[in-house]
Every structure is written in C-alpha cells, then in structure tokens.
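S.K.: Handing over start_3.csv, CSV, C-alpha atoms.
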chain,number,residue,atom,x,y,z
A,406,MET,CA,89.4,92.1,110.7
A,407,GLU,CA,88.8,95.9,111.0
A,408,PRO,CA,88.9,97.3,107.4
A,409,LEU,CA,90.9,100.4,106.5
A,410,SER,CA,89.0,103.6,106.1
A,411,LEU,CA,90.6,104.0,102.7
A,412,HIS,CA,90.0,100.4,101.6
A,413,PHE,CA,88.4,101.3,98.3
A,414,VAL,CA,91.0,103.9,97.5
A,415,HIS,CA,93.7,101.3,97.9
A,416,GLU,CA,91.6,98.6,96.1
A,417,GLU,CA,91.5,100.9,93.0
A,418,ALA,CA,95.3,101.0,93.2
A,419,ALA,CA,95.5,97.2,92.9
A,420,ALA,CA,96.5,96.8,96.6
A,421,ARG,CA,96.9,93.4,98.2
A,422,PHE,CA,95.7,93.4,101.8
A,423,MET,CA,96.8,91.7,105.0
A,424,ALA,CA,96.0,91.7,108.7
A,425,VAL,CA,98.2,93.4,111.3
A,426,GLY,CA,97.1,93.1,114.9
A,427,GLY,CA,93.6,92.2,113.8
A,428,ARG,CA,93.3,95.3,111.6
A,429,GLU,CA,93.5,95.6,107.9
A,430,ALA,CA,96.6,97.0,106.2
A,431,VAL,CA,97.9,97.2,102.7
A,432,ALA,CA,100.6,94.6,102.2
A,433,ALA,CA,101.8,95.9,98.8
A,434,TYR,CA,100.7,97.6,95.6
A,435,GLY,CA,102.3,95.2,93.2
A,436,ALA,CA,106.1,95.5,92.9
A,437,GLY,CA,107.3,96.0,96.4
A,438,GLU,CA,110.8,96.9,95.3
A,439,ASP,CA,109.5,100.0,93.6
A,440,GLU,CA,107.8,101.1,96.8
A,441,TYR,CA,111.0,100.5,98.8
A,442,ARG,CA,113.1,102.4,96.2
A,443,ALA,CA,110.7,105.4,96.4
A,444,ALA,CA,111.1,105.5,100.2
A,445,ARG,CA,114.9,105.5,99.8
A,446,GLU,CA,115.3,107.7,96.7
A,447,THR,CA,112.2,109.9,96.2
A,448,VAL,CA,109.1,109.8,98.4
A,449,ALA,CA,106.5,107.2,99.5
A,450,LEU,CA,103.1,107.5,101.3
A,451,HIS,CA,102.0,104.8,103.7
A,452,ASP,CA,98.5,104.4,105.1
A,453,ALA,CA,99.2,103.7,108.8
A,454,SER,CA,95.5,104.3,109.9
A,455,TYR,CA,95.4,100.7,111.1
A,456,ARG,CA,97.3,101.9,114.1
A,457,GLU,CA,95.2,102.6,117.3
A,458,SER,CA,95.1,105.6,119.5
A,459,LEU,CA,93.9,106.7,122.9
A,460,ARG,CA,93.3,110.2,124.3
A,461,VAL,CA,93.9,111.2,128.0
A,462,THR,CA,92.0,114.2,129.2
A,463,GLY,CA,91.5,115.8,132.7
A,464,GLU,CA,93.4,118.1,135.0
A,465,ASP,CA,95.7,115.3,136.2
A,466,ARG,CA,96.3,113.7,132.8
A,467,ALA,CA,100.0,114.5,132.6
A,468,SER,CA,100.8,113.5,136.2
A,469,PHE,CA,98.8,110.3,135.9
A,470,LEU,CA,100.4,109.2,132.6
A,471,HIS,CA,103.8,110.3,133.9
A,472,GLY,CA,103.5,107.6,136.6
A,473,MET,CA,102.4,104.9,134.2
A,474,VAL,CA,105.2,105.1,131.5
A,475,THR,CA,109.0,104.9,131.3
A,476,GLN,CA,109.3,108.4,129.7
A,477,GLU,CA,109.0,112.0,130.9
A,478,VAL,CA,105.4,113.3,130.4
A,479,LYS,CA,104.9,116.1,133.0
A,480,ASN,CA,107.7,118.2,131.6
A,481,LEU,CA,107.2,117.3,127.9
A,482,PRO,CA,106.6,120.5,126.1
A,483,GLU,CA,103.2,121.1,124.5
A,484,GLY,CA,103.3,120.2,120.8
A,485,GLN,CA,106.1,117.7,121.3
A,486,ALA,CA,106.0,113.9,121.1
A,487,ALA,CA,108.0,111.2,123.0
A,488,TYR,CA,108.4,107.5,122.8
A,489,ALA,CA,107.7,105.4,125.9
A,490,ALA,CA,107.1,101.9,127.1
A,491,LEU,CA,104.4,100.7,129.5
A,492,VAL,CA,105.7,98.0,131.8
A,493,THR,CA,104.4,95.8,134.6
A,494,VAL,CA,105.6,96.0,138.2
A,495,LYS,CA,108.1,93.2,137.1
A,496,GLY,CA,109.4,95.4,134.3
A,497,ALA,CA,107.9,93.4,131.4
A,498,MET,CA,106.4,95.3,128.5
A,499,VAL,CA,102.6,95.8,128.2
A,500,ALA,CA,103.0,97.9,125.0
A,501,ASP,CA,104.9,100.8,123.6
A,502,ALA,CA,103.5,104.2,122.7
A,503,ARG,CA,104.3,107.5,121.1
A,504,ILE,CA,102.8,110.3,123.2
A,505,LEU,CA,101.9,113.6,121.7
A,506,LYS,CA,101.2,116.4,124.2
A,507,ARG,CA,98.5,118.7,122.9
A,508,GLU,CA,96.8,121.7,124.6
A,509,ALA,CA,93.7,119.7,125.8
A,510,ASP,CA,94.9,116.1,125.9
A,511,LEU,CA,97.6,113.6,125.6
A,512,LEU,CA,97.4,111.4,122.4
A,513,LEU,CA,98.8,107.9,122.5
A,514,ASP,CA,99.8,106.3,119.2
A,515,LEU,CA,99.7,102.5,119.6
A,516,GLU,CA,100.4,99.4,117.6
A,517,PRO,CA,97.3,97.8,116.2
A,518,GLY,CA,95.7,95.3,118.6
A,519,THR,CA,97.1,97.0,121.7
A,520,GLY,CA,94.6,99.7,122.3
A,521,ALA,CA,92.2,97.7,124.5
A,522,LYS,CA,95.1,96.2,126.4
A,523,VAL,CA,96.7,99.6,127.1
A,524,ARG,CA,93.4,101.1,128.2
A,525,GLU,CA,92.8,98.2,130.6
A,526,PHE,CA,96.3,98.6,132.1
A,527,LEU,CA,95.8,102.3,132.6
A,528,GLU,CA,92.3,102.0,134.0
A,529,LYS,CA,93.6,99.5,136.6
A,530,TYR,CA,95.7,102.3,138.2
A,531,LEU,CA,93.3,105.2,137.6
A,532,ILE,CA,91.7,105.6,141.0
A,533,SER,CA,91.3,109.2,142.3
A,534,GLU,CA,93.1,111.2,139.6
A,535,ASP,CA,91.1,113.7,137.5
A,536,ALA,CA,91.9,111.9,134.2
A,537,GLU,CA,89.8,110.2,131.6
A,538,LEU,CA,90.6,107.7,128.8
A,539,HIS,CA,89.0,108.0,125.4
A,540,GLU,CA,89.2,105.6,122.5
A,541,ALA,CA,90.5,107.8,119.6
A,542,THR,CA,91.1,105.3,116.8
A,543,GLY,CA,87.8,106.2,115.3
A,544,GLU,CA,88.5,109.9,115.4
A,545,LEU,CA,92.0,110.0,113.9
A,546,GLY,CA,94.0,108.3,111.2
A,547,LEU,CA,97.7,108.3,110.6
A,548,LEU,CA,99.5,108.7,107.2
A,549,ARG,CA,103.2,108.4,106.9
A,550,LEU,CA,105.5,110.1,104.4
A,551,LEU,CA,109.1,108.8,103.9
A,552,GLY,CA,111.9,109.7,101.6
A,553,PRO,CA,114.2,112.6,100.7
A,554,ARG,CA,111.4,114.5,98.8
A,555,THR,CA,109.0,114.5,101.8
A,556,ALA,CA,109.5,118.3,102.4
A,557,GLN,CA,108.9,119.0,98.8
A,558,VAL,CA,105.6,117.1,98.8
A,559,LEU,CA,104.4,118.8,102.1
A,560,SER,CA,105.3,122.2,100.8
A,561,ALA,CA,103.2,121.6,97.7
A,562,ALA,CA,100.3,120.2,99.7
A,563,LEU,CA,100.3,122.9,102.3
A,564,GLY,CA,100.9,125.8,99.8
A,565,ALA,CA,103.8,127.1,101.9
A,566,PRO,CA,107.5,126.1,102.5
A,567,PHE,CA,107.7,123.1,104.9
A,568,GLU,CA,110.6,123.2,107.3
A,569,PRO,CA,111.7,119.6,108.1
A,570,LEU,CA,110.7,118.4,111.6
A,571,PRO,CA,113.3,116.7,113.9
A,572,HIS,CA,112.2,113.4,115.4
A,573,HIS,CA,109.2,113.8,117.6
A,574,ALA,CA,108.8,117.5,117.0
A,575,ALA,CA,105.3,118.4,115.9
A,576,ARG,CA,103.3,121.3,114.5
A,577,GLN,CA,99.7,121.9,113.5
A,578,ALA,CA,98.6,122.8,109.9
A,579,THR,CA,95.7,122.7,107.6
A,580,LEU,CA,95.9,120.3,104.7
A,581,ALA,CA,93.1,119.7,102.2
A,582,GLY,CA,90.9,121.8,104.4
A,583,GLN,CA,91.5,119.4,107.3
A,584,PRO,CA,93.2,120.3,110.7
A,585,VAL,CA,96.3,118.0,110.9
A,586,TRP,CA,99.2,117.3,113.2
A,587,LEU,CA,102.6,116.9,111.5
A,588,VAL,CA,105.1,114.9,113.6
A,589,GLY,CA,108.7,114.1,112.8
A,590,SER,CA,109.1,110.4,112.5
A,591,THR,CA,112.7,109.7,111.5
A,592,ALA,CA,113.6,106.4,113.2
A,593,VAL,CA,112.9,104.2,110.2
A,594,GLU,CA,113.8,106.8,107.4
A,595,PRO,CA,115.6,110.1,108.1
A,596,HIS,CA,113.1,112.4,106.4
A,597,GLY,CA,109.9,110.8,107.7
A,598,VAL,CA,106.9,112.8,108.7
A,599,ASP,CA,103.6,111.4,110.1
A,600,VAL,CA,100.4,113.2,109.3
A,601,TRP,CA,97.6,112.8,111.9
A,602,ALA,CA,94.2,113.7,110.3
A,603,PRO,CA,90.6,113.4,111.3
A,604,ARG,CA,89.4,110.1,110.0
A,605,ALA,CA,86.5,111.7,108.3
A,606,GLY,CA,89.0,113.8,106.2
A,607,LEU,CA,91.5,111.0,105.6
A,608,GLU,CA,90.6,110.5,102.0
A,609,ALA,CA,90.9,114.2,101.2
A,610,VAL,CA,94.4,114.3,102.9
A,611,TRP,CA,95.6,111.1,101.1
A,612,LYS,CA,94.5,112.4,97.7
A,613,ALA,CA,96.0,115.9,98.3
A,614,LEU,CA,99.4,114.3,99.3
A,615,THR,CA,99.2,112.0,96.3
A,616,ALA,CA,98.5,114.9,93.9
A,617,ALA,CA,101.3,117.0,95.5
A,618,GLY,CA,103.7,114.1,95.1
A,619,ALA,CA,102.9,113.4,91.4
A,620,GLY,CA,105.9,115.4,90.1
A,621,ALA,CA,108.2,114.1,92.9
A,622,GLY,CA,107.9,110.4,92.1
A,623,LEU,CA,105.6,109.6,95.0
A,624,ARG,CA,104.5,106.0,95.3
A,625,PRO,CA,102.1,104.4,97.8
A,626,LEU,CA,104.0,102.2,100.3
A,627,GLY,CA,102.7,98.9,101.7
A,628,PHE,CA,103.4,97.3,105.0
A,629,GLU,CA,105.8,94.8,103.6
A,630,ALA,CA,108.1,97.5,102.2
A,631,LEU,CA,107.8,99.4,105.5
A,632,GLU,CA,108.9,96.3,107.4
A,633,LEU,CA,112.0,96.1,105.2
A,634,LEU,CA,112.9,99.7,106.1
A,635,ARG,CA,112.2,99.1,109.7
A,636,VAL,CA,114.4,96.0,110.0
A,637,GLU,CA,117.2,97.6,108.1
A,638,ALA,CA,117.0,100.6,110.5
A,639,GLY,CA,117.1,98.2,113.5
A,640,VAL,CA,113.8,99.4,115.0
A,641,PRO,CA,111.9,96.8,117.0
A,642,ARG,CA,108.1,96.5,116.7
A,643,TYR,CA,105.9,95.5,119.5
A,644,GLY,CA,104.1,92.2,118.7
A,645,GLN,CA,107.0,91.1,116.5
A,646,ASP,CA,110.3,91.8,118.2
A,647,MET,CA,108.9,92.8,121.6
A,648,VAL,CA,106.2,90.8,123.6
A,649,ASP,CA,104.8,90.8,127.1
A,650,THR,CA,108.0,89.1,128.5
A,651,THR,CA,110.4,91.7,127.0
A,652,ILE,CA,112.2,94.1,129.3
A,653,PRO,CA,112.7,97.4,127.4
A,654,LEU,CA,116.4,97.5,127.8
A,655,GLU,CA,116.7,94.1,126.1
A,656,ALA,CA,115.1,95.7,123.0
A,657,ASN,CA,117.5,98.7,123.0
A,658,LEU,CA,114.8,101.0,124.2
A,659,ALA,CA,117.1,103.2,126.4
A,660,GLY,CA,115.8,106.2,124.5
A,661,ALA,CA,112.3,105.4,125.8
A,662,ILE,CA,113.4,105.7,129.4
A,663,SER,CA,113.8,108.8,131.5
A,664,TYR,CA,116.2,108.3,134.4
A,665,ASN,CA,115.3,111.6,136.1
A,666,LYS,CA,111.6,111.4,136.4
A,667,GLY,CA,111.0,109.5,139.7
A,668,CYS,CA,108.6,106.7,140.3
A,669,TYR,CA,106.5,104.9,137.7
A,670,ILE,CA,105.1,101.4,137.4
A,671,GLY,CA,108.0,99.0,137.0
A,672,GLN,CA,110.7,101.6,137.7
A,673,GLU,CA,112.6,99.6,140.3
A,674,VAL,CA,113.2,96.7,137.9
A,675,ILE,CA,114.3,99.1,135.1
A,676,ALA,CA,116.6,101.0,137.5
A,677,ARG,CA,118.2,97.7,138.8
A,678,ALA,CA,118.8,96.5,135.3
A,679,THR,CA,120.4,99.8,134.3
A,680,PHE,CA,122.6,99.9,137.4
A,681,ARG,CA,123.8,96.4,136.8
A,682,GLY,CA,125.0,97.6,133.4
A,683,HIS,CA,124.0,94.6,131.2
A,684,MET,CA,121.1,92.5,130.2
A,685,ASN,CA,121.4,88.7,129.8
A,686,ARG,CA,120.3,89.1,126.2
A,687,LYS,CA,119.9,92.0,123.7
A,688,LEU,CA,118.3,92.6,120.4
A,689,THR,CA,120.9,92.6,117.6
A,690,GLY,CA,121.3,92.3,113.9
A,691,LEU,CA,122.0,89.0,112.1
A,692,LEU,CA,123.3,88.4,108.6
A,693,LEU,CA,121.7,85.3,107.1
A,694,GLY,CA,123.1,85.2,103.6
A,695,ASP,CA,120.7,83.1,101.4
A,696,VAL,CA,119.3,81.1,104.4
A,697,ASP,CA,115.5,81.3,104.6
A,698,ALA,CA,114.7,81.1,108.3
A,699,ALA,CA,111.5,82.0,110.0
A,700,PRO,CA,111.0,84.2,113.1
A,701,GLY,CA,111.2,82.1,116.2
A,702,THR,CA,114.1,80.0,114.8
A,703,GLU,CA,116.6,79.1,117.6
A,704,LEU,CA,120.2,80.4,117.5
A,705,ARG,CA,122.9,78.1,118.9
A,706,ARG,CA,126.6,78.4,119.7
A,707,GLY,CA,127.9,74.9,119.8
A,708,GLU,CA,125.3,72.9,121.7
A,709,LYS,CA,124.1,75.9,123.6
A,710,LYS,CA,120.9,77.9,122.8
A,711,VAL,CA,121.9,81.5,122.8
A,712,GLY,CA,118.9,83.3,121.2
A,713,TRP,CA,116.2,83.4,118.5
A,714,LEU,CA,115.1,85.3,115.4
A,715,THR,CA,112.2,87.8,115.6
A,716,SER,CA,112.0,89.6,112.2
A,717,VAL,CA,113.5,88.3,108.9
A,718,VAL,CA,113.6,90.2,105.6
A,719,ARG,CA,115.6,90.2,102.3
A,720,SER,CA,117.5,93.4,102.4
A,721,PRO,CA,118.2,95.2,99.1
A,722,THR,CA,121.0,97.3,100.8
A,723,GLN,CA,122.7,94.2,102.2
A,724,GLY,CA,122.0,91.9,99.2
A,725,GLN,CA,121.0,89.1,101.5
A,726,ARG,CA,118.5,88.1,104.1
A,727,VAL,CA,118.9,89.9,107.4
A,728,ALA,CA,117.2,89.5,110.7
A,729,LEU,CA,116.6,91.0,114.1
A,730,GLY,CA,116.9,88.6,117.0
A,731,TYR,CA,117.8,88.2,120.7
A,732,VAL,CA,121.3,86.9,121.5
A,733,HIS,CA,122.9,86.2,124.8
A,734,ARG,CA,125.4,88.8,125.9
A,735,ASP,CA,128.3,86.4,125.6
A,736,SER,CA,127.7,86.0,121.9
A,737,LEU,CA,126.9,89.6,120.9
A,738,GLU,CA,130.3,90.5,119.4
A,739,PRO,CA,129.8,91.5,115.8
A,740,GLY,CA,131.1,88.8,113.5
A,741,THR,CA,130.2,86.0,115.9
A,742,GLU,CA,129.0,83.0,114.0
A,743,LEU,CA,125.9,81.2,115.3
A,744,THR,CA,124.1,78.1,114.0
A,745,LEU,CA,120.4,78.0,113.2
A,746,ALA,CA,118.7,75.2,115.0
A,747,GLY,CA,117.8,72.2,112.9
A,748,GLY,CA,120.6,72.6,110.3
A,749,PRO,CA,124.2,73.4,109.6
A,750,ALA,CA,123.5,76.9,108.3
A,751,THR,CA,125.4,79.7,110.1
A,752,VAL,CA,124.6,83.3,110.6
A,753,LYS,CA,126.7,86.3,111.7
A,754,VAL,CA,126.0,88.8,114.4
A,755,ALA,CA,125.9,92.4,113.0
A,756,PRO,CA,125.5,95.8,114.7
A,757,LEU,CA,122.3,97.9,114.3
A,758,PRO,CA,121.3,99.7,112.2
A,759,PHE,CA,122.5,97.6,109.2
A,760,LYS,CA,124.9,99.7,107.2
A,761,GLY,CA,123.8,100.7,103.7
Just dump the structure as structure tokens.
M.R.:
Amino acid sequence: MEPLSLHFVHEEAAARFMAVGGREAVAAYGAGEDEYRAARETVALHDASYRESLRVTGEDRASFLHGMVTQEVKNLPEGQAAYAALVTVKGAMVADARILKREADLLLDLEPGTGAKVREFLEKYLISEDAELHEATGELGLLRLLGPRTAQVLSAALGAPFEPLPHHAARQATLAGQPVWLVGSTAVEPHGVDVWAPRAGLEAVWKALTAAGAGAGLRPLGFEALELLRVEAGVPRYGQDMVDTTIPLEANLAGAISYNKGCYIGQEVIARATFRGHMNRKLTGLLLGDVDAAPGTELRRGEKKVGWLTSVVRSPTQGQRVALGYVHRDSLEPGTELTLAGGPATVKVAPLPFKG
C-alpha cells in the first residue's frame, strides 16, 4: 500500500487508515459524525493526495486527448477543468478523469489505482501525435475543502478575499509559499474547492489551511465521511459504482459527454445509446430503512432480478441507510418497492440526489 505523504501528520491527529485503490487514505479521525457535520455546517479539510494524476504535454496534446475522452478538450479554455470518461470501442468505461487545461500541459486527476491503466489505454492509441504522457502523482497532491466556510478559510490562508469558484473553474495562487491551483469542486458539497499543491509543499499547505480554519471550526475529514457526502449527493465513484462494464449513461454521466465534439474512442456506442433515449438500467437512489445490506446485493421485483446495490451508507440527513444501485428501467419509478435477495426486506427507489 502506497503511504500518504502526510501519514505522520495524520497519525499525530489519531487518524485511522485504510486502503483505497491500493493507496493509503485516512478513514476517520475518531468521531466521523463530527467530520460530517463540519462539512455540512462549517468547514472540513480532506487529504485526497491518494488520488493519482497524469500530465499530457506536446504540441498535439489537446487534439490527442480530445479523441480519447467523451468530453470537449480542444475548445476547453485554459485554466478550466472538465469531467470526462474514457471508454473502449464498445462504450464500456476504462476510467473517469477530471481534466485541467494549463498553459503547458493537460493534467488528469484520477481515482487511485487507475493511473497505470489510463496511461496504458492512452499509449495504445498514441502513434504519430506530438504528445507525451508523464506520471504526475509524485509531483502533485490534492487537498479538498468542503463546507460553507470554505471561502473564509481560503481568504485567511491566501491573505486576500477569496471569490468562490463555480464547479470546474480554476485559478492559480500562492499558499504557504507554494504555487497552487484552486479548482471549484461542488458536486459533493456546494462550497467545495480542491487545492492542487506540489507534493513537496503539501505539509506546509495542509498546516496553513488548518491554521486558517482554526477560528472557523475546521475539522479534518476522513474518507468514510466523504463517502457519506458523496452517496447523499448521488455522485458515482469509479471502482465502486462504476466498473469496466459500465456505460457512462447508465451511471448518469451525461454531463461528462460532449455531443458536438465529433469522433472519439467509443463515440458510436454512446451516440446510439443517446439516440435510443434509454438505457436498460440506470444508477438510482434506494432507501433501505434499518436494513444492513452490502454492496453487490441483488435487487428483485417478484421473482425477477432487476438490479444490485453499489454503495451503502447510513445517512444522517435521511435518518436511515441509503444506497446507490443499478435498477432496470421498468422499476425506476420513485417509490417502487424492491426486495433484497435472500430475505423478505424491501427497499424503495428514490431520486438522486437524496433530499436533505
């Protein structure tokens, strides 16, 4: 397991560790409910430096990547990010990625454990283009701020008023003497900002943000609390809710697809599925009550298998266990009752995101 750069900093804060995609992450810092509440009510800081990254350089970098992902890259403005999927010629997912267009390169932010897979996939199609792929996980680390006092903390840390960033908007800054990229990341929490910092300066940035948040109620946030927020927001995660057989439209990733960009690997399958107007199954929310079910549990309607669970959490806002899962299109109506395989317990289909 690849250890966190800030392992000893978290260890001093009584962190409990876990593995995510073969890399170390902080699971929690004791009382997870306090972390969750901070992200909802004040501000929380998450060490996401377990995520992996690649850089693409060269004269043809934008046109090459444009033909490899579902999202617009060539006309993406410099200093802007976009969310994309990488799919096979059959339309099945290889991975997902957030792409940040910088002056000299394209930076790909990836789920832990997918960096080598994405690089291999891209290199397979890199033939005559002037483009090079560089492992960047060792160069950069990602920290994530969430909560309504995020702007207050960044203003204090930067020594200047911080204007909130819309989702995927980015700007450069200097924080704790380190050159950083600030990127709006509001899919999981509406005030979220990601801070990309040089890995060598990650500790300085973490400590500066922690000090700046001392008067704002900042708490460090572990992966378990982040998963709670993610599931409540209805955001799928590759490796958990999306795998190498998932078609992006099944996972509600329409926002990761450009329909005006022309050809890319897997485009014909995505276009056909879009034209048809429906997928056989879609990711949806499920209300479980007090039923304790594991990801992978089958969902049935009568004698028929209609889906399965992918993520299960106990939601403070719902006061019960909730899940993400795939359900056949004939059973997607909110309120539809389904049975968990192996028992009489029933669950209800619910729209995403789960309402607070």
S.K.: Distance atom CA of Arg734 of chain A-atom CA of Ile670 of chain A, one decimal place?
M.R.: 26.5 Å
S.K.: I'd like the contact shell of segment 415-425 of chain A - 12 Å cut-off, only C-alpha atoms, skipping same-chain residues fewer than 3 positions apart - returned as number ranges by chain.
M.R.: A: 406-412, 428-437, 450-457, 516-519, 608, 611-612, 624-629, 632, 642-645
S.K.: List every residue of segment 436-493 of chain A that has an atom at most 6 Å from any atom of segment 532-542 of chain A, and for each one report the closest atom pair and its distance in Å to one decimal, counting all atoms listed in the file, with rows sorted by chain and then by increasing residue number, as a tab-separated table.
M.R.:
residue	atom	partner	partner_atom	distance
A:Glu457	CA	A:Thr542	CA	4.9
A:Ser458	CA	A:Thr542	CA	4.8
A:Leu459	CA	A:Glu540	CA	4.8
A:Arg460	CA	A:His539	CA	5.0
A:Val461	CA	A:Leu538	CA	4.9
A:Thr462	CA	A:Glu537	CA	5.2
A:Gly463	CA	A:Ala536	CA	4.2
A:Glu464	CA	A:Asp535	CA	5.6
A:Asp465	CA	A:Asp535	CA	5.0
A:Arg466	CA	A:Ala536	CA	5.0
S.K.: Leaving out Leu551 of chain A and any residue of its chain fewer than 2 positions from it, which residues lie within 6 Å of it when counting only C-alpha atoms, given as a PDB file with C-alpha atoms, in the coordinates of the input?
M.R.:
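File written: result08.pdb
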ATOM      1  CA  ALA A 444     111.100 105.500 100.200  1.00  0.00           C
ATOM      2  CA  VAL A 448     109.100 109.800  98.400  1.00  0.00           C
ATOM      3  CA  ALA A 449     106.500 107.200  99.500  1.00  0.00           C
ATOM      4  CA  HIS A 596     113.100 112.400 106.400  1.00  0.00           C
ATOM      5  CA  GLY A 597     109.900 110.800 107.700  1.00  0.00           C
TER       6      GLY A 597
END
S.K.: Using all atoms listed in the file for the distances, tell me which of A:Ala656, A:Ala676, A:Val752, A:Cys668 is nearest to Leu692 of chain A.
M.R.: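 That would be A:Val752, the residue with the smallest distance to Leu692 of chain A.
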S.K.: Suppose you want the space between atom CA of Ala678 of chain A and atom CA of Gly712 of chain A; what is it in Å?
M.R.: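 Going from atom CA of Ala678 of chain A over to atom CA of Gly712 of chain A, I get 19.3 Å.
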S.K.: Separation of atom CA of Arg706 of chain A and atom CA of Arg726 of chain A, in Å?
M.R.: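 One can read the atom CA of Arg706 of chain A to atom CA of Arg726 of chain A distance as 20.1 Å.
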S.K.: From the set A:Leu559, A:Val696, A:Gly707, A:Met473, which residue has the shortest atom-to-atom contact distance to Glu528 of chain A, counting only C-alpha atoms?
M.R.: A:Met473
S.K.: Nearest to Thr722 of chain A: which of A:Lys495, A:Lys760, A:Arg554, A:Arg705 is it, counting only C-alpha atoms?
M.R.: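 Of A:Lys495, A:Lys760, A:Arg554, A:Arg705, the one nearest Thr722 of chain A, counting only C-alpha atoms, is A:Lys760.
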S.K.: Taking 2 positions as the minimum chain separation for residues in the same chain, which residues sit within 7 Å of Glu655 of chain A when counting all atoms listed in the file? Answer as a list of chain:residue names.
M.R.: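 Returned residues: A:Thr651, A:Ile652, A:Pro653, A:Asn657, A:Met684, A:Arg686, A:Lys687, A:Leu688.
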S.K.: Of the candidates A:Trp713, A:Phe469, A:Phe759, A:Phe680, which shows the shortest atom-to-atom distance to Leu527 of chain A, using only C-alpha atoms?
M.R.: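 Residue with the minimum atom-to-atom distance to Leu527 of chain A: A:Phe469.
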S.K.: Could you pull the residues within 9 Å of Gly472 of chain A, counting all atoms listed in the file, minus those fewer than 2 positions along the same chain, as a list of chain:residue names?
M.R.: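 Using all atoms listed in the file, the neighbours found are A:Ala467, A:Ser468, A:Phe469, A:Leu470, A:Val474, A:Thr475, A:Val478, A:Lys666, A:Gly667, A:Cys668, A:Tyr669, A:Ile670.
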S.K.: Pick from A:Leu691, A:Val732, A:Ala487, A:Ala617: nearest to Val558 of chain A, with only C-alpha atoms counted?
M.R.: A:Ala617
S.K.: Counting all atoms listed in the file, which residue out of A:Val494, A:Ala661, A:Val717, A:Ala699 sits closest to Ala746 of chain A?
M.R.: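 Selected residue with least distance to Ala746 of chain A: A:Ala699.
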S.K.: Using all atoms listed in the file, give me every residue within 6 Å of (102.0, 106.8, 124.4) in file coordinates, as a ChimeraX atom specification.
M.R.: /A:502-504,513-514
S.K.: For segment 451-534 of chain A against segment 583-593 of chain A, with a cut-off of 10 Å and counting all atoms listed in the file, what is the closest atom pair and its distance in Å to one decimal for every residue that makes the cut, ordered by chain and number, as JSON lines?
M.R.:
{"residue": "A:Gly484", "atom": "CA", "partner": "A:Trp586", "partner_atom": "CA", "distance": 9.1}
{"residue": "A:Gln485", "atom": "CA", "partner": "A:Val588", "partner_atom": "CA", "distance": 8.3}
{"residue": "A:Ala486", "atom": "CA", "partner": "A:Val588", "partner_atom": "CA", "distance": 7.6}
{"residue": "A:Leu505", "atom": "CA", "partner": "A:Val588", "partner_atom": "CA", "distance": 8.8}
{"residue": "A:Arg507", "atom": "CA", "partner": "A:Trp586", "partner_atom": "CA", "distance": 9.8}
S.K.: Would you mind listing, for every residue of segment 493-562 of chain A within 9 Å of segment 646-649 of chain A, the two atoms forming the shortest contact and the distance between them in Å to one decimal, using all atoms listed in the file, sorted by chain and ascending residue number, as a tab-separated table?
M.R.:
residue	atom	partner	partner_atom	distance
A:Ala497	CA	A:Asp649	CA	5.9
A:Met498	CA	A:Asp649	CA	5.0
A:Val499	CA	A:Asp649	CA	5.6
A:Ala500	CA	A:Asp649	CA	7.6
S.K.: Hey, what's within 10 Å of Thr744 of chain A if we count all atoms listed in the file and toss same-chain stuff fewer than 4 positions away? As an MDAnalysis selection string, please?
M.R.: chainID A and resid 703:711 748:753
S.K.: Some atoms are missing, so please complete segment 560-572 of chain A with N, CA, C and O atoms and return it as a PDB file, in the coordinates of the input.
M.R.:
ATOM      1  N   SER A 560     105.390 120.818 101.167  1.00  0.00           N
ATOM      2  CA  SER A 560     105.300 122.200 100.800  1.00  0.00           C
ATOM      3  C   SER A 560     104.257 122.428  99.697  1.00  0.00           C
ATOM      4  O   SER A 560     103.479 123.389  99.762  1.00  0.00           O
ATOM      5  N   ALA A 561     104.191 121.518  98.736  1.00  0.00           N
ATOM      6  CA  ALA A 561     103.200 121.600  97.700  1.00  0.00           C
ATOM      7  C   ALA A 561     101.774 121.418  98.246  1.00  0.00           C
ATOM      8  O   ALA A 561     100.825 122.127  97.879  1.00  0.00           O
ATOM      9  N   ALA A 562     101.611 120.467  99.155  1.00  0.00           N
ATOM     10  CA  ALA A 562     100.300 120.200  99.700  1.00  0.00           C
ATOM     11  C   ALA A 562      99.792 121.273 100.637  1.00  0.00           C
ATOM     12  O   ALA A 562      98.588 121.555 100.697  1.00  0.00           O
ATOM     13  N   LEU A 563     100.728 121.903 101.363  1.00  0.00           N
ATOM     14  CA  LEU A 563     100.300 122.900 102.300  1.00  0.00           C
ATOM     15  C   LEU A 563     100.274 124.318 101.679  1.00  0.00           C
ATOM     16  O   LEU A 563      99.728 125.253 102.263  1.00  0.00           O
ATOM     17  N   GLY A 564     100.880 124.452 100.496  1.00  0.00           N
ATOM     18  CA  GLY A 564     100.900 125.800  99.800  1.00  0.00           C
ATOM     19  C   GLY A 564     101.826 126.737 100.480  1.00  0.00           C
ATOM     20  O   GLY A 564     101.673 127.956 100.333  1.00  0.00           O
ATOM     21  N   ALA A 565     102.818 126.226 101.222  1.00  0.00           N
ATOM     22  CA  ALA A 565     103.800 127.100 101.900  1.00  0.00           C
ATOM     23  C   ALA A 565     105.051 126.227 102.149  1.00  0.00           C
ATOM     24  O   ALA A 565     104.956 125.001 102.273  1.00  0.00           O
ATOM     25  N   PRO A 566     106.232 126.844 102.249  1.00  0.00           N
ATOM     26  CA  PRO A 566     107.500 126.100 102.500  1.00  0.00           C
ATOM     27  C   PRO A 566     107.343 125.251 103.781  1.00  0.00           C
ATOM     28  O   PRO A 566     106.872 125.755 104.808  1.00  0.00           O
ATOM     29  N   PHE A 567     107.750 123.993 103.689  1.00  0.00           N
ATOM     30  CA  PHE A 567     107.700 123.100 104.900  1.00  0.00           C
ATOM     31  C   PHE A 567     109.117 122.959 105.414  1.00  0.00           C
ATOM     32  O   PHE A 567     110.028 122.500 104.719  1.00  0.00           O
ATOM     33  N   GLU A 568     109.290 123.373 106.664  1.00  0.00           N
ATOM     34  CA  GLU A 568     110.600 123.200 107.300  1.00  0.00           C
ATOM     35  C   GLU A 568     110.613 121.788 107.939  1.00  0.00           C
ATOM     36  O   GLU A 568     109.731 121.430 108.708  1.00  0.00           O
ATOM     37  N   PRO A 569     111.636 120.974 107.580  1.00  0.00           N
ATOM     38  CA  PRO A 569     111.700 119.600 108.100  1.00  0.00           C
ATOM     39  C   PRO A 569     111.599 119.563 109.624  1.00  0.00           C
ATOM     40  O   PRO A 569     112.097 120.452 110.320  1.00  0.00           O
ATOM     41  N   LEU A 570     110.935 118.530 110.122  1.00  0.00           N
ATOM     42  CA  LEU A 570     110.700 118.400 111.600  1.00  0.00           C
ATOM     43  C   LEU A 570     111.715 117.370 112.141  1.00  0.00           C
ATOM     44  O   LEU A 570     111.840 116.252 111.636  1.00  0.00           O
ATOM     45  N   PRO A 571     112.436 117.739 113.205  1.00  0.00           N
ATOM     46  CA  PRO A 571     113.300 116.700 113.900  1.00  0.00           C
ATOM     47  C   PRO A 571     112.361 115.634 114.472  1.00  0.00           C
ATOM     48  O   PRO A 571     111.143 115.802 114.599  1.00  0.00           O
ATOM     49  N   HIS A 572     112.988 114.514 114.840  1.00  0.00           N
ATOM     50  CA  HIS A 572     112.200 113.400 115.400  1.00  0.00           C
ATOM     51  C   HIS A 572     111.423 113.811 116.594  1.00  0.00           C
ATOM     52  O   HIS A 572     111.926 114.443 117.518  1.00  0.00           O
TER      53      HIS A 572
END
